[in-house]
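Following: one structure in structure tokens, then a few remarks.
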Amino acid sequence: MDVYNFPYQHYLKNELPEEMQKLADAATAATELAYAPYSKFKVGASVLMSDGTILSGANQENASYPIGVCAERAVLAGIHVSEDYKVKAIAVTFTSDAPVGDNPIAPCGMCRQSILEMQHRQDSPIAIYMCGPGGKVIMIEDAEFLLPFSFGSKDLPSFKPQV
Ligand SMILES: [Zn+2]
């Protein structure tokens, strides 16, 4: 029997390199951009681009619940990657008035698929920093690890690479 293993690291935010602490802080700040009147669960996501730029997004809920957009996809939708402008890392965290603890949160399945599409599109790995409001962080170096046996462009015979 084959077993799927992947590497990941536990950190406290203040143990991260300064650049990644800034990224995690940006994700926390982005929770203020959330529109979450239904769940009261405010998610912020920030990406670190290869030129050092940090971009952020937040979850945007809707009275028609399925229409809502997660923070990760909200920020990724505004990025056009190129050979010298790639996503290096994405950090995601949350705030909530409800007692939901301080464990790191992970991207949902739909966002994992979207992050992986961006990774394939730019042909370089995206590290994922899953952060909790109390400072706990789980880091995965490659989005591929979060979506084993993924469906992607390789499965579509009509796919032609383009950025
Ligand atoms: Zn999501």
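Naming works like this for the structure tokens: A, B, ... for the chains as they're shown, residue 1 at the start of each chain, ligands 1 onward in shown order.
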> Which protein, DNA or RNA residues have an atom within 6 Å of ligand 1, counting only C-alpha atoms and all ligand atoms, as a VMD selection string?
Replying inline: chain A and resid 70 107 to 108 110 to 111
> segment 9-21 of chain A: which residues within 9 Å, counting only C-alpha atoms, same-chain residues fewer than 4 positions away excluded, as an MDAnalysis selection string?
Replying inline: chainID A and resid 25:26 48 52 89 91 129 131 134:141
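Of the listed residues (A:His120, A:Lys42, A:Arg112, A:Arg73), A:Lys42 comes nearest to Ser96 of chain A; the distances count only C-alpha atoms.
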>> Taking the DSSP secondary structure from the backbone, can you list the residues of segment 88-152 of chain A that are strand (DSSP E), as a list in words?
In response: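 Checking each residue of segment 88-152 of chain A, the strand (DSSP E) ones are Lys88, Ala89, Ile90, Ala91, Val92, Thr93, Phe94, Thr95, Ser96, Ala127, Ile128, Tyr129, Met130, Cys131, Lys136, Val137, Ile138, Met139 and Ile140 of chain A.
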>> Write out as a ChimeraX atom specification the set of residues from segment 10-161 of chain A that DSSP, computed on the backbone, places in helix (DSSP H, G or I).
In response: /A:13-15,18-33,65-67,71-76,109-122,143-146,153-155
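For the pair atom CA of Val87 of chain A and atom CA of Ser50 of chain A, the interatomic distance is 6.1 Å.
The residue that comes closest to Gln113 of chain A, out of A:Thr93, A:Ser150, A:Thr53, A:Ser158 and on the basis of only C-alpha atoms, is A:Ser150.
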Please produce, as a tab-separated table, a per-residue contact table for segment 51-121 of chain A versus segment 32-38 of chain A (criterion: any atom at most 7 Å away, only C-alpha atoms considered), showing the nearest atom pair and its distance in Å to one decimal, sorted by chain then residue number.
residue	atom	partner	partner_atom	distance
A:Ala58	CA	A:Ala34	CA	4.7
A:Asn59	CA	A:Ala34	CA	5.1
A:Gln60	CA	A:Tyr35	CA	4.8
A:Glu61	CA	A:Ala36	CA	5.4
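Between atom CA of Lys88 of chain A and atom CA of Ile126 of chain A the separation is 5.1 Å.
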>> Between atom CA of Ile115 of chain A and atom CA of Glu83 of chain A, what distance in Å does the model show, to one decimal?
In response: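 Separating atom CA of Ile115 of chain A from atom CA of Glu83 of chain A is a distance of 17.3 Å.
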>> Neighbouring residues of Ala77 of chain A were defined as those with any atom within 10 Å, considering only C-alpha atoms; residues of the same chain fewer than 4 positions away were excluded. Please report them as a ChimeraX atom specification.
In response: /A:57,72-73,114,118
Can you write just those residues out, N, CA and C atoms, as a compact mmCIF listing (two decimals), in the first residue's frame?
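The file below, again-v8.txt, is the result:
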# COMPACT_ATOMS: atom_id res chain seq x y z
N GLY A 57 -6.57 40.06 0.49
CA GLY A 57 -7.99 39.92 0.23
C GLY A 57 -8.67 39.36 1.47
N GLU A 72 -8.75 33.72 0.05
CA GLU A 72 -7.65 33.30 -0.81
C GLU A 72 -7.98 33.56 -2.28
N ARG A 73 -9.20 33.21 -2.68
CA ARG A 73 -9.57 33.42 -4.08
C ARG A 73 -9.81 34.90 -4.37
N SER A 114 -7.60 26.40 -6.44
CA SER A 114 -7.25 27.68 -7.06
C SER A 114 -5.78 28.04 -6.84
N MET A 118 -2.77 28.44 -9.75
CA MET A 118 -1.81 29.54 -9.86
C MET A 118 -0.38 29.00 -9.85
> Taking only C-alpha atoms into account, which of A:Val69, A:Pro99, A:Ile90, A:Val81 comes nearest Ile128 of chain A?
Replying inline: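 Of A:Val69, A:Pro99, A:Ile90, A:Val81, the one nearest Ile128 of chain A, counting only C-alpha atoms, is A:Ile90.
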>> Given only C-alpha atoms as the basis, pick out the residue of A:Asn62, A:Gly44, A:Ile105, A:Tyr4 nearest to Glu144 of chain A.
In response: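 With only C-alpha atoms as the atom set, the closest residue is A:Tyr4.
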